[in-house]
$ cat work03.csv   # CSV, C-alpha atoms and all ligand atoms
chain,number,residue,atom,x,y,z
A,1,MET,CA,-41.9,51.4,-27.5
A,2,PHE,CA,-39.5,53.2,-25.3
A,3,ILE,CA,-36.4,54.8,-27.0
A,4,VAL,CA,-33.6,56.5,-25.2
A,5,LEU,CA,-31.0,58.8,-26.8
A,6,GLU,CA,-27.7,59.1,-24.9
A,7,GLY,CA,-24.4,60.9,-25.5
A,8,ILE,CA,-22.1,63.5,-24.0
A,9,ASP,CA,-23.0,67.2,-24.1
A,10,GLY,CA,-23.1,68.5,-27.7
A,11,SER,CA,-23.5,65.1,-29.3
A,12,GLY,CA,-26.7,66.1,-31.1
A,13,LYS,CA,-29.2,64.1,-29.1
A,14,THR,CA,-31.7,66.9,-28.8
A,15,THR,CA,-31.8,67.7,-32.6
A,16,ILE,CA,-31.9,64.0,-33.5
A,17,GLY,CA,-34.7,63.4,-30.9
A,18,LYS,CA,-36.8,66.2,-32.5
A,19,ARG,CA,-36.3,64.9,-36.0
A,20,LEU,CA,-37.1,61.3,-35.0
A,21,SER,CA,-40.3,62.5,-33.2
A,22,GLN,CA,-41.5,64.4,-36.3
A,23,TYR,CA,-40.8,61.4,-38.5
A,24,LEU,CA,-42.7,59.0,-36.2
A,25,LYS,CA,-45.6,61.4,-36.0
A,26,SER,CA,-45.7,61.7,-39.8
A,27,LYS,CA,-46.1,57.9,-39.8
A,28,GLY,CA,-49.1,58.2,-37.6
A,29,PHE,CA,-47.6,57.2,-34.3
A,30,GLY,CA,-48.4,58.9,-31.0
A,31,VAL,CA,-45.1,60.2,-29.7
A,32,PHE,CA,-44.1,61.5,-26.3
A,33,LEU,CA,-40.8,63.3,-26.7
A,34,THR,CA,-39.3,63.9,-23.3
A,35,GLU,CA,-36.0,64.7,-21.6
A,36,GLU,CA,-33.9,64.4,-18.4
A,37,PRO,CA,-33.5,66.5,-16.4
A,38,THR,CA,-37.2,67.1,-16.9
A,39,ARG,CA,-38.9,70.4,-17.3
A,40,THR,CA,-40.7,70.1,-14.0
A,41,TRP,CA,-39.7,71.9,-10.8
A,42,MET,CA,-37.7,68.8,-9.9
A,43,GLY,CA,-35.8,69.0,-13.1
A,44,MET,CA,-35.2,72.7,-12.4
A,45,ASP,CA,-33.8,71.8,-9.0
A,46,VAL,CA,-31.5,69.3,-10.6
A,47,ARG,CA,-30.1,72.0,-12.9
A,48,ARG,CA,-29.6,74.3,-10.0
A,49,ALA,CA,-27.7,71.6,-8.1
A,50,ILE,CA,-25.4,71.2,-11.2
A,51,GLU,CA,-24.9,74.9,-11.4
A,52,GLU,CA,-24.1,75.2,-7.8
A,53,GLU,CA,-21.7,72.2,-8.0
A,54,LYS,CA,-23.3,70.3,-5.2
A,55,ASN,CA,-21.6,67.1,-4.1
A,56,PRO,CA,-22.0,64.1,-6.4
A,57,PHE,CA,-24.1,62.1,-3.9
A,58,SER,CA,-26.8,64.8,-3.7
A,59,GLN,CA,-26.7,65.3,-7.4
A,60,ALA,CA,-27.2,61.6,-8.0
A,61,LEU,CA,-30.1,61.5,-5.6
A,62,LEU,CA,-31.7,64.5,-7.2
A,63,PHE,CA,-31.4,63.0,-10.7
A,64,PHE,CA,-33.1,59.9,-9.3
A,65,ALA,CA,-35.9,61.9,-7.6
A,66,ASP,CA,-36.6,63.6,-10.9
A,67,ARG,CA,-36.4,60.2,-12.7
A,68,ALA,CA,-38.8,58.5,-10.3
A,69,GLU,CA,-41.5,60.9,-11.2
A,70,HIS,CA,-40.5,60.8,-14.9
A,71,VAL,CA,-40.8,57.0,-15.0
A,72,MET,CA,-44.5,57.3,-13.9
A,73,ASP,CA,-45.1,59.7,-16.7
A,74,ILE,CA,-43.4,57.5,-19.2
A,75,LYS,CA,-45.4,54.5,-18.1
A,76,LYS,CA,-48.6,56.4,-18.6
A,77,HIS,CA,-47.7,57.2,-22.2
A,78,LEU,CA,-46.5,53.7,-22.9
A,79,ASP,CA,-49.8,52.3,-21.5
A,80,PHE,CA,-51.6,54.8,-23.8
A,81,GLY,CA,-49.8,53.3,-26.8
A,82,ASP,CA,-47.4,56.2,-27.5
A,83,ILE,CA,-43.8,55.8,-28.6
A,84,VAL,CA,-41.7,57.4,-25.9
A,85,ILE,CA,-38.4,59.1,-26.9
A,86,SER,CA,-36.3,60.3,-23.9
A,87,ASP,CA,-33.3,62.6,-24.5
A,88,ARG,CA,-31.1,61.1,-21.7
A,89,TYR,CA,-32.2,58.6,-19.0
A,90,VAL,CA,-30.6,56.5,-16.3
A,91,TYR,CA,-27.4,55.8,-18.3
A,92,SER,CA,-26.6,59.6,-18.0
A,93,THR,CA,-26.5,59.2,-14.3
A,94,PHE,CA,-24.4,56.0,-14.5
A,95,ALA,CA,-21.9,57.8,-16.8
A,96,TYR,CA,-21.8,61.4,-15.5
A,97,GLN,CA,-22.2,60.7,-11.8
A,98,GLY,CA,-20.0,57.6,-12.2
A,99,ALA,CA,-17.3,59.9,-13.5
A,100,GLN,CA,-17.8,62.3,-10.6
A,101,LEU,CA,-18.0,59.6,-7.9
A,102,GLU,CA,-14.9,57.7,-9.1
A,103,LYS,CA,-12.9,60.6,-7.7
A,104,ILE,CA,-13.9,59.5,-4.3
A,105,MET,CA,-14.7,55.8,-4.6
A,106,ALA,CA,-14.2,52.9,-7.0
A,107,LEU,CA,-16.2,53.2,-10.2
A,108,GLU,CA,-17.5,49.7,-9.8
A,109,ASP,CA,-18.9,50.5,-6.3
A,110,ALA,CA,-20.4,53.8,-7.6
A,111,LEU,CA,-22.2,52.0,-10.4
A,112,LEU,CA,-23.5,49.4,-8.0
A,113,TRP,CA,-24.8,52.1,-5.7
A,114,LEU,CA,-26.5,53.9,-8.5
A,115,ASP,CA,-28.0,50.7,-9.9
A,116,ARG,CA,-29.5,49.9,-6.5
A,117,ILE,CA,-31.3,53.2,-6.3
A,118,TYR,CA,-32.8,52.7,-9.7
A,119,GLU,CA,-33.8,49.0,-9.1
A,120,PRO,CA,-37.2,49.5,-7.2
A,121,PHE,CA,-38.6,51.7,-10.0
A,122,ARG,CA,-36.6,50.6,-12.9
A,123,LEU,CA,-38.2,50.8,-16.4
A,124,ASP,CA,-35.8,49.6,-19.0
A,125,PRO,CA,-36.0,51.1,-22.5
A,126,ASP,CA,-36.4,48.8,-25.6
A,127,THR,CA,-33.7,50.7,-27.5
A,128,VAL,CA,-30.8,52.9,-26.4
A,129,ILE,CA,-29.0,54.8,-29.1
A,130,PHE,CA,-25.7,56.3,-28.2
A,131,LEU,CA,-24.4,59.2,-30.2
A,132,LYS,CA,-20.6,58.9,-30.1
A,133,ILE,CA,-18.6,62.0,-30.7
A,134,ASP,CA,-15.1,63.2,-30.2
A,135,PRO,CA,-15.3,65.3,-27.0
A,136,ARG,CA,-13.2,68.1,-28.5
A,137,ARG,CA,-15.7,68.3,-31.4
A,138,SER,CA,-18.7,68.2,-29.1
A,139,MET,CA,-17.1,71.0,-26.9
A,140,ASN,CA,-17.1,73.3,-30.0
A,141,PHE,CA,-20.8,73.0,-30.3
A,142,VAL,CA,-21.3,73.5,-26.6
A,143,ASN,CA,-19.0,76.6,-26.5
A,144,SER,CA,-20.7,78.1,-29.5
A,145,ARG,CA,-23.9,78.0,-27.5
A,146,ASP,CA,-22.0,79.7,-24.7
A,147,PHE,CA,-22.7,77.3,-21.9
A,148,ARG,CA,-20.3,77.3,-19.0
A,149,GLU,CA,-21.3,74.4,-17.0
A,150,LYS,CA,-18.7,72.4,-15.2
A,151,PHE,CA,-19.6,69.2,-17.1
A,152,GLU,CA,-18.7,70.8,-20.3
A,153,ARG,CA,-15.0,70.3,-20.0
A,154,ALA,CA,-13.6,68.1,-22.7
A,155,GLU,CA,-11.5,66.1,-20.3
A,156,PHE,CA,-14.4,65.2,-18.1
A,157,LEU,CA,-16.6,64.4,-21.1
A,158,SER,CA,-14.0,62.2,-22.5
A,159,ARG,CA,-14.1,60.1,-19.3
A,160,VAL,CA,-17.9,60.2,-19.3
A,161,GLN,CA,-17.8,58.8,-22.8
A,162,ASP,CA,-15.5,56.0,-21.7
A,163,ILE,CA,-17.9,55.0,-19.1
A,164,TYR,CA,-20.8,55.1,-21.6
A,165,MET,CA,-18.8,52.7,-23.8
A,166,MET,CA,-18.6,50.2,-20.9
A,167,LEU,CA,-22.3,50.6,-20.4
A,168,ALA,CA,-22.9,50.1,-24.1
A,169,GLU,CA,-21.6,46.5,-23.9
A,170,LYS,CA,-23.5,45.7,-20.8
A,171,TYR,CA,-26.8,47.2,-21.9
A,172,ASP,CA,-26.5,46.6,-25.7
A,173,PHE,CA,-26.6,50.1,-27.0
A,174,TYR,CA,-26.7,50.9,-30.7
A,175,ILE,CA,-23.7,53.2,-31.3
A,176,VAL,CA,-24.0,55.8,-34.0
A,177,ASP,CA,-21.0,57.9,-35.1
A,178,SER,CA,-21.9,61.5,-34.4
A,179,ASN,CA,-18.7,63.0,-35.9
A,180,ARG,CA,-20.6,63.6,-39.1
A,181,ASN,CA,-23.2,66.0,-40.3
A,182,LEU,CA,-26.5,65.7,-38.6
A,183,GLU,CA,-28.3,64.5,-41.7
A,184,GLU,CA,-26.1,61.4,-41.9
A,185,VAL,CA,-26.4,60.8,-38.2
A,186,TYR,CA,-30.1,61.1,-38.3
A,187,GLU,CA,-30.4,58.6,-41.2
A,188,ASP,CA,-28.6,56.0,-39.2
A,189,VAL,CA,-30.8,56.6,-36.2
A,190,ARG,CA,-34.0,56.4,-38.4
A,191,LYS,CA,-32.8,53.1,-39.9
A,192,ILE,CA,-32.3,51.6,-36.5
A,193,ILE,CA,-35.8,52.6,-35.4
A,194,ASP,CA,-37.4,51.7,-38.7
A,195,LYS,CA,-36.3,48.1,-38.2
A,196,GLN,CA,-38.1,47.9,-34.9
A,197,LEU,CA,-41.4,49.3,-36.0
B,1,LIG,P1,-28.9,68.4,-20.7
B,1,LIG,O1,-29.9,69.4,-20.5
B,1,LIG,O2,-29.3,67.1,-21.5
B,1,LIG,O3,-27.6,69.0,-21.5
B,1,LIG,P2,-27.2,68.9,-23.0
B,1,LIG,O4,-28.4,69.2,-23.8
B,1,LIG,O5,-26.1,69.9,-23.2
B,1,LIG,O6,-26.7,67.5,-23.2
B,1,LIG,O7,-28.3,67.9,-19.3
B,1,LIG,C1,-27.7,68.8,-18.5
B,1,LIG,C2,-26.5,68.3,-17.8
B,1,LIG,O8,-26.8,67.3,-16.9
B,1,LIG,C3,-25.5,67.5,-18.8
B,1,LIG,O9,-24.2,68.0,-18.7
B,1,LIG,C4,-25.6,66.1,-18.4
B,1,LIG,C5,-26.0,66.1,-17.0
B,1,LIG,N1,-26.7,65.0,-16.5
B,1,LIG,C6,-26.1,64.2,-15.4
B,1,LIG,O10,-25.0,64.5,-15.0
B,1,LIG,N2,-26.8,63.1,-14.9
B,1,LIG,C7,-28.0,62.8,-15.4
B,1,LIG,O11,-28.6,61.8,-14.9
B,1,LIG,C8,-28.6,63.5,-16.4
B,1,LIG,C9,-30.0,63.2,-16.9
B,1,LIG,C10,-27.9,64.6,-16.9

$ encode --input "work03.csv" --output "structure tokens" --more "lines below"
Ligand code: TYD
Amino acid sequence: MFIVLEGIDGSGKTTIGKRLSQYLKSKGFGVFLTEEPTRTWMGMDVRRAIEEEKNPFSQALLFFADRAEHVMDIKKHLDFGDIVISDRYVYSTFAYQGAQLEKIMALEDALLWLDRIYEPFRLDPDTVIFLKIDPRRSMNFVNSRDFREKFERAEFLSRVQDIYMMLAEKYDFYIVDSNRNLEEVYEDVRKIIDKQL
């Protein structure tokens, strides 16, 4: 089973992913908890491109280079019988790079382009859980961690979340309200996964 957690910065994905991983391990499952950008050198290069505010085309291509390797790794774990939990996946590129690219081209064309890059190595998850949060609230968490990345502006994140909501319909995401304490959010996520085990 391949599970993806998505959401804007500060939505709680990382904490929820860790909790879910511990829970599934305690039930005896093999779990591969992973993330994008990855922790490989390619993932590091992606982070560098974000920090240096490279243009959205090169950023998108770098995210996909990192993902093409990541997909191979995920496949290996799935073949081995593990449950894979990925903190971000291709929908992050659709939403974030979509929001960047729509400043220079139509969103629809941007999403088509991004989808075409993904197509030859696509590996669709079984379940996508989207943690929906008020961007002003998520910004508080981000600020308190003292990150100053460009992406972390509430306005931009608000648009990113709008695009995520369009994707949610197309790709059938589960949407969990993340404007609550993490315990409640986690319980909802756990219930969704429990039903699928
Ligand atoms: P991440 O480390 O997940 O940040 P956070 O834990 O704060 O959510 O991701 C770093 C940034 O990269 C984040 O702002 C989202 C962005 N991103 C994209 O723009 N496109 C992508 O495809 C991915 C995977 C991440």

$ closest_atom_pairs --input "work03.csv" --of "chain A" --to "ligand LIG 1 (chain B)" --cutoff "9 Å" --atoms "only C-alpha atoms and all ligand atoms" --output "CSV"
residue,atom,partner,partner_atom,distance
A:Glu6,CA,B:LIG1,O6,8.6
A:Gly7,CA,B:LIG1,O6,7.4
A:Ile8,CA,B:LIG1,O6,6.1
A:Asp9,CA,B:LIG1,O6,3.8
A:Gly10,CA,B:LIG1,O5,5.6
A:Ser11,CA,B:LIG1,O6,7.3
A:Gly12,CA,B:LIG1,O6,8.0
A:Lys13,CA,B:LIG1,O6,7.3
A:Thr14,CA,B:LIG1,O4,6.4
A:Glu35,CA,B:LIG1,O2,7.1
A:Glu36,CA,B:LIG1,C9,4.3
A:Pro37,CA,B:LIG1,C9,4.8
A:Thr38,CA,B:LIG1,C9,8.2
A:Val46,CA,B:LIG1,O8,8.1
A:Arg47,CA,B:LIG1,C1,6.9
A:Ile50,CA,B:LIG1,O8,7.0
A:Gln59,CA,B:LIG1,N2,7.8
A:Ala60,CA,B:LIG1,O11,7.0
A:Leu62,CA,B:LIG1,O11,8.7
A:Phe63,CA,B:LIG1,O11,5.2
A:Phe64,CA,B:LIG1,O11,7.4
A:Asp66,CA,B:LIG1,C9,8.9
A:Arg67,CA,B:LIG1,C9,8.2
A:Asp87,CA,B:LIG1,O2,6.7
A:Arg88,CA,B:LIG1,C9,5.4
A:Tyr89,CA,B:LIG1,C9,5.5
A:Val90,CA,B:LIG1,O11,5.8
A:Tyr91,CA,B:LIG1,O11,7.0
A:Ser92,CA,B:LIG1,O11,4.3
A:Thr93,CA,B:LIG1,O11,3.4
A:Phe94,CA,B:LIG1,O11,7.2
A:Ala95,CA,B:LIG1,N2,7.5
A:Tyr96,CA,B:LIG1,O10,4.5
A:Gln97,CA,B:LIG1,O10,5.7
A:Gly98,CA,B:LIG1,O10,9.0
A:Gln100,CA,B:LIG1,O10,8.7
A:Val142,CA,B:LIG1,O5,6.9
A:Phe147,CA,B:LIG1,O5,8.2
A:Glu149,CA,B:LIG1,O9,7.2
A:Lys150,CA,B:LIG1,O9,7.9
A:Phe151,CA,B:LIG1,O9,5.0
A:Glu152,CA,B:LIG1,O9,6.4
A:Leu157,CA,B:LIG1,O9,8.7

$ write_last_selection --input "work03.csv" --atoms "C-alpha atoms" --output "PDB file, in the coordinates of the input"
ATOM      1  CA  GLU A   6     -27.700  59.100 -24.900  1.00  0.00           C
ATOM      2  CA  GLY A   7     -24.400  60.900 -25.500  1.00  0.00           C
ATOM      3  CA  ILE A   8     -22.100  63.500 -24.000  1.00  0.00           C
ATOM      4  CA  ASP A   9     -23.000  67.200 -24.100  1.00  0.00           C
ATOM      5  CA  GLY A  10     -23.100  68.500 -27.700  1.00  0.00           C
ATOM      6  CA  SER A  11     -23.500  65.100 -29.300  1.00  0.00           C
ATOM      7  CA  GLY A  12     -26.700  66.100 -31.100  1.00  0.00           C
ATOM      8  CA  LYS A  13     -29.200  64.100 -29.100  1.00  0.00           C
ATOM      9  CA  THR A  14     -31.700  66.900 -28.800  1.00  0.00           C
ATOM     10  CA  GLU A  35     -36.000  64.700 -21.600  1.00  0.00           C
ATOM     11  CA  GLU A  36     -33.900  64.400 -18.400  1.00  0.00           C
ATOM     12  CA  PRO A  37     -33.500  66.500 -16.400  1.00  0.00           C
ATOM     13  CA  THR A  38     -37.200  67.100 -16.900  1.00  0.00           C
ATOM     14  CA  VAL A  46     -31.500  69.300 -10.600  1.00  0.00           C
ATOM     15  CA  ARG A  47     -30.100  72.000 -12.900  1.00  0.00           C
ATOM     16  CA  ILE A  50     -25.400  71.200 -11.200  1.00  0.00           C
ATOM     17  CA  GLN A  59     -26.700  65.300  -7.400  1.00  0.00           C
ATOM     18  CA  ALA A  60     -27.200  61.600  -8.000  1.00  0.00           C
ATOM     19  CA  LEU A  62     -31.700  64.500  -7.200  1.00  0.00           C
ATOM     20  CA  PHE A  63     -31.400  63.000 -10.700  1.00  0.00           C
ATOM     21  CA  PHE A  64     -33.100  59.900  -9.300  1.00  0.00           C
ATOM     22  CA  ASP A  66     -36.600  63.600 -10.900  1.00  0.00           C
ATOM     23  CA  ARG A  67     -36.400  60.200 -12.700  1.00  0.00           C
ATOM     24  CA  ASP A  87     -33.300  62.600 -24.500  1.00  0.00           C
ATOM     25  CA  ARG A  88     -31.100  61.100 -21.700  1.00  0.00           C
ATOM     26  CA  TYR A  89     -32.200  58.600 -19.000  1.00  0.00           C
ATOM     27  CA  VAL A  90     -30.600  56.500 -16.300  1.00  0.00           C
ATOM     28  CA  TYR A  91     -27.400  55.800 -18.300  1.00  0.00           C
ATOM     29  CA  SER A  92     -26.600  59.600 -18.000  1.00  0.00           C
ATOM     30  CA  THR A  93     -26.500  59.200 -14.300  1.00  0.00           C
ATOM     31  CA  PHE A  94     -24.400  56.000 -14.500  1.00  0.00           C
ATOM     32  CA  ALA A  95     -21.900  57.800 -16.800  1.00  0.00           C
ATOM     33  CA  TYR A  96     -21.800  61.400 -15.500  1.00  0.00           C
ATOM     34  CA  GLN A  97     -22.200  60.700 -11.800  1.00  0.00           C
ATOM     35  CA  GLY A  98     -20.000  57.600 -12.200  1.00  0.00           C
ATOM     36  CA  GLN A 100     -17.800  62.300 -10.600  1.00  0.00           C
ATOM     37  CA  VAL A 142     -21.300  73.500 -26.600  1.00  0.00           C
ATOM     38  CA  PHE A 147     -22.700  77.300 -21.900  1.00  0.00           C
ATOM     39  CA  GLU A 149     -21.300  74.400 -17.000  1.00  0.00           C
ATOM     40  CA  LYS A 150     -18.700  72.400 -15.200  1.00  0.00           C
ATOM     41  CA  PHE A 151     -19.600  69.200 -17.100  1.00  0.00           C
ATOM     42  CA  GLU A 152     -18.700  70.800 -20.300  1.00  0.00           C
ATOM     43  CA  LEU A 157     -16.600  64.400 -21.100  1.00  0.00           C
TER      44      LEU A 157
END

$ closest_residue --input "work03.csv" --among "A:Leu78, A:Ile175, A:Ile85, A:Lys54" --to "Ser21 of chain A" --atoms "all atoms listed in the file"
A:Ile85

$ closest_residue --input "work03.csv" --among "A:Ile117, A:Leu197, A:Met72, A:Val84" --to "Val4 of chain A" --atoms "all atoms listed in the file"
A:Val84

$ atom_distance --input "work03.csv" --atom1 "atom CA of Lys195 of chain A" --atom2 "atom CA of Met1 of chain A"
12.5 Å

$ residues_around --input "work03.csv" --residues "Ile133 of chain A" --least-positions-apart "4" --cutoff "7 Å" --atoms "only C-alpha atoms" --output "PyMOL selection string"
chain A and resi 11+137-138+177-179

$ atom_distance --input "work03.csv" --atom1 "atom CA of Ile16 of chain A" --atom2 "atom CA of Val189 of chain A"
8.0 Å

$ closest_residue --input "work03.csv" --among "A:Lys25, A:His70, A:Arg122, A:Arg136" --to "Arg39 of chain A" --atoms "all atoms listed in the file"
A:His70

$ build_atoms --input "work03.csv" --residues "segment 117-147 of chain A" --atoms "N, CA and C atoms" --output "PDB file, in the frame of the given file"
ATOM      1  N   ILE A 117     -30.236  52.157  -6.434  1.00  0.00           N
ATOM      2  CA  ILE A 117     -31.300  53.200  -6.300  1.00  0.00           C
ATOM      3  C   ILE A 117     -32.320  53.062  -7.349  1.00  0.00           C
ATOM      4  N   TYR A 118     -31.858  52.760  -8.542  1.00  0.00           N
ATOM      5  CA  TYR A 118     -32.800  52.700  -9.700  1.00  0.00           C
ATOM      6  C   TYR A 118     -33.675  51.430  -9.626  1.00  0.00           C
ATOM      7  N   GLU A 119     -33.167  50.342  -9.046  1.00  0.00           N
ATOM      8  CA  GLU A 119     -33.800  49.000  -9.100  1.00  0.00           C
ATOM      9  C   GLU A 119     -35.322  49.028  -8.741  1.00  0.00           C
ATOM     10  N   PRO A 120     -35.751  49.611  -7.612  1.00  0.00           N
ATOM     11  CA  PRO A 120     -37.200  49.500  -7.200  1.00  0.00           C
ATOM     12  C   PRO A 120     -38.147  50.121  -8.221  1.00  0.00           C
ATOM     13  N   PHE A 121     -37.690  51.083  -9.015  1.00  0.00           N
ATOM     14  CA  PHE A 121     -38.600  51.700 -10.000  1.00  0.00           C
ATOM     15  C   PHE A 121     -38.133  51.608 -11.396  1.00  0.00           C
ATOM     16  N   ARG A 122     -37.271  50.636 -11.616  1.00  0.00           N
ATOM     17  CA  ARG A 122     -36.600  50.600 -12.900  1.00  0.00           C
ATOM     18  C   ARG A 122     -37.633  50.308 -14.052  1.00  0.00           C
ATOM     19  N   LEU A 123     -37.385  50.971 -15.144  1.00  0.00           N
ATOM     20  CA  LEU A 123     -38.200  50.800 -16.400  1.00  0.00           C
ATOM     21  C   LEU A 123     -37.180  50.821 -17.500  1.00  0.00           C
ATOM     22  N   ASP A 124     -36.846  49.652 -18.006  1.00  0.00           N
ATOM     23  CA  ASP A 124     -35.800  49.600 -19.000  1.00  0.00           C
ATOM     24  C   ASP A 124     -36.340  49.916 -20.401  1.00  0.00           C
ATOM     25  N   PRO A 125     -35.601  50.741 -21.157  1.00  0.00           N
ATOM     26  CA  PRO A 125     -36.000  51.100 -22.500  1.00  0.00           C
ATOM     27  C   PRO A 125     -35.888  49.855 -23.452  1.00  0.00           C
ATOM     28  N   ASP A 126     -36.590  49.892 -24.577  1.00  0.00           N
ATOM     29  CA  ASP A 126     -36.400  48.800 -25.600  1.00  0.00           C
ATOM     30  C   ASP A 126     -35.180  49.062 -26.392  1.00  0.00           C
ATOM     31  N   THR A 127     -34.868  50.325 -26.618  1.00  0.00           N
ATOM     32  CA  THR A 127     -33.700  50.700 -27.500  1.00  0.00           C
ATOM     33  C   THR A 127     -32.969  51.862 -26.897  1.00  0.00           C
ATOM     34  N   VAL A 128     -31.660  51.719 -26.817  1.00  0.00           N
ATOM     35  CA  VAL A 128     -30.800  52.900 -26.400  1.00  0.00           C
ATOM     36  C   VAL A 128     -29.882  53.159 -27.578  1.00  0.00           C
ATOM     37  N   ILE A 129     -29.934  54.406 -28.049  1.00  0.00           N
ATOM     38  CA  ILE A 129     -29.000  54.800 -29.100  1.00  0.00           C
ATOM     39  C   ILE A 129     -28.016  55.786 -28.542  1.00  0.00           C
ATOM     40  N   PHE A 130     -26.751  55.444 -28.698  1.00  0.00           N
ATOM     41  CA  PHE A 130     -25.700  56.300 -28.200  1.00  0.00           C
ATOM     42  C   PHE A 130     -25.016  57.037 -29.309  1.00  0.00           C
ATOM     43  N   LEU A 131     -25.010  58.364 -29.206  1.00  0.00           N
ATOM     44  CA  LEU A 131     -24.400  59.200 -30.200  1.00  0.00           C
ATOM     45  C   LEU A 131     -22.930  59.462 -29.785  1.00  0.00           C
ATOM     46  N   LYS A 132     -22.019  58.812 -30.467  1.00  0.00           N
ATOM     47  CA  LYS A 132     -20.600  58.900 -30.100  1.00  0.00           C
ATOM     48  C   LYS A 132     -19.903  60.000 -30.842  1.00  0.00           C
ATOM     49  N   ILE A 133     -19.265  60.873 -30.085  1.00  0.00           N
ATOM     50  CA  ILE A 133     -18.600  62.000 -30.700  1.00  0.00           C
ATOM     51  C   ILE A 133     -17.270  62.311 -30.040  1.00  0.00           C
ATOM     52  N   ASP A 134     -16.326  62.814 -30.807  1.00  0.00           N
ATOM     53  CA  ASP A 134     -15.100  63.200 -30.200  1.00  0.00           C
ATOM     54  C   ASP A 134     -15.345  64.400 -29.270  1.00  0.00           C
ATOM     55  N   PRO A 135     -14.973  64.252 -27.995  1.00  0.00           N
ATOM     56  CA  PRO A 135     -15.300  65.300 -27.000  1.00  0.00           C
ATOM     57  C   PRO A 135     -14.802  66.694 -27.393  1.00  0.00           C
ATOM     58  N   ARG A 136     -13.678  66.745 -28.113  1.00  0.00           N
ATOM     59  CA  ARG A 136     -13.200  68.100 -28.500  1.00  0.00           C
ATOM     60  C   ARG A 136     -14.134  68.702 -29.534  1.00  0.00           C
ATOM     61  N   ARG A 137     -14.721  67.846 -30.363  1.00  0.00           N
ATOM     62  CA  ARG A 137     -15.700  68.300 -31.400  1.00  0.00           C
ATOM     63  C   ARG A 137     -16.987  68.757 -30.673  1.00  0.00           C
ATOM     64  N   SER A 138     -17.441  67.934 -29.748  1.00  0.00           N
ATOM     65  CA  SER A 138     -18.700  68.200 -29.100  1.00  0.00           C
ATOM     66  C   SER A 138     -18.568  69.535 -28.255  1.00  0.00           C
ATOM     67  N   MET A 139     -17.360  69.751 -27.706  1.00  0.00           N
ATOM     68  CA  MET A 139     -17.100  71.000 -26.900  1.00  0.00           C
ATOM     69  C   MET A 139     -17.285  72.223 -27.788  1.00  0.00           C
ATOM     70  N   ASN A 140     -16.920  72.125 -29.069  1.00  0.00           N
ATOM     71  CA  ASN A 140     -17.100  73.300 -30.000  1.00  0.00           C
ATOM     72  C   ASN A 140     -18.544  73.672 -30.055  1.00  0.00           C
ATOM     73  N   PHE A 141     -19.412  72.657 -30.168  1.00  0.00           N
ATOM     74  CA  PHE A 141     -20.800  73.000 -30.300  1.00  0.00           C
ATOM     75  C   PHE A 141     -21.328  73.592 -28.950  1.00  0.00           C
ATOM     76  N   VAL A 142     -20.846  73.020 -27.868  1.00  0.00           N
ATOM     77  CA  VAL A 142     -21.300  73.500 -26.600  1.00  0.00           C
ATOM     78  C   VAL A 142     -20.773  74.954 -26.359  1.00  0.00           C
ATOM     79  N   ASN A 143     -19.509  75.203 -26.690  1.00  0.00           N
ATOM     80  CA  ASN A 143     -19.000  76.600 -26.500  1.00  0.00           C
ATOM     81  C   ASN A 143     -19.689  77.565 -27.386  1.00  0.00           C
ATOM     82  N   SER A 144     -20.026  77.143 -28.595  1.00  0.00           N
ATOM     83  CA  SER A 144     -20.700  78.100 -29.500  1.00  0.00           C
ATOM     84  C   SER A 144     -22.076  78.443 -28.969  1.00  0.00           C
ATOM     85  N   ARG A 145     -22.605  77.609 -28.080  1.00  0.00           N
ATOM     86  CA  ARG A 145     -23.900  78.000 -27.500  1.00  0.00           C
ATOM     87  C   ARG A 145     -23.672  78.719 -26.157  1.00  0.00           C
ATOM     88  N   ASP A 146     -22.407  78.946 -25.854  1.00  0.00           N
ATOM     89  CA  ASP A 146     -22.000  79.700 -24.700  1.00  0.00           C
ATOM     90  C   ASP A 146     -22.483  79.184 -23.357  1.00  0.00           C
ATOM     91  N   PHE A 147     -22.437  77.898 -23.190  1.00  0.00           N
ATOM     92  CA  PHE A 147     -22.700  77.300 -21.900  1.00  0.00           C
ATOM     93  C   PHE A 147     -21.424  77.192 -21.100  1.00  0.00           C
TER      94      PHE A 147
END
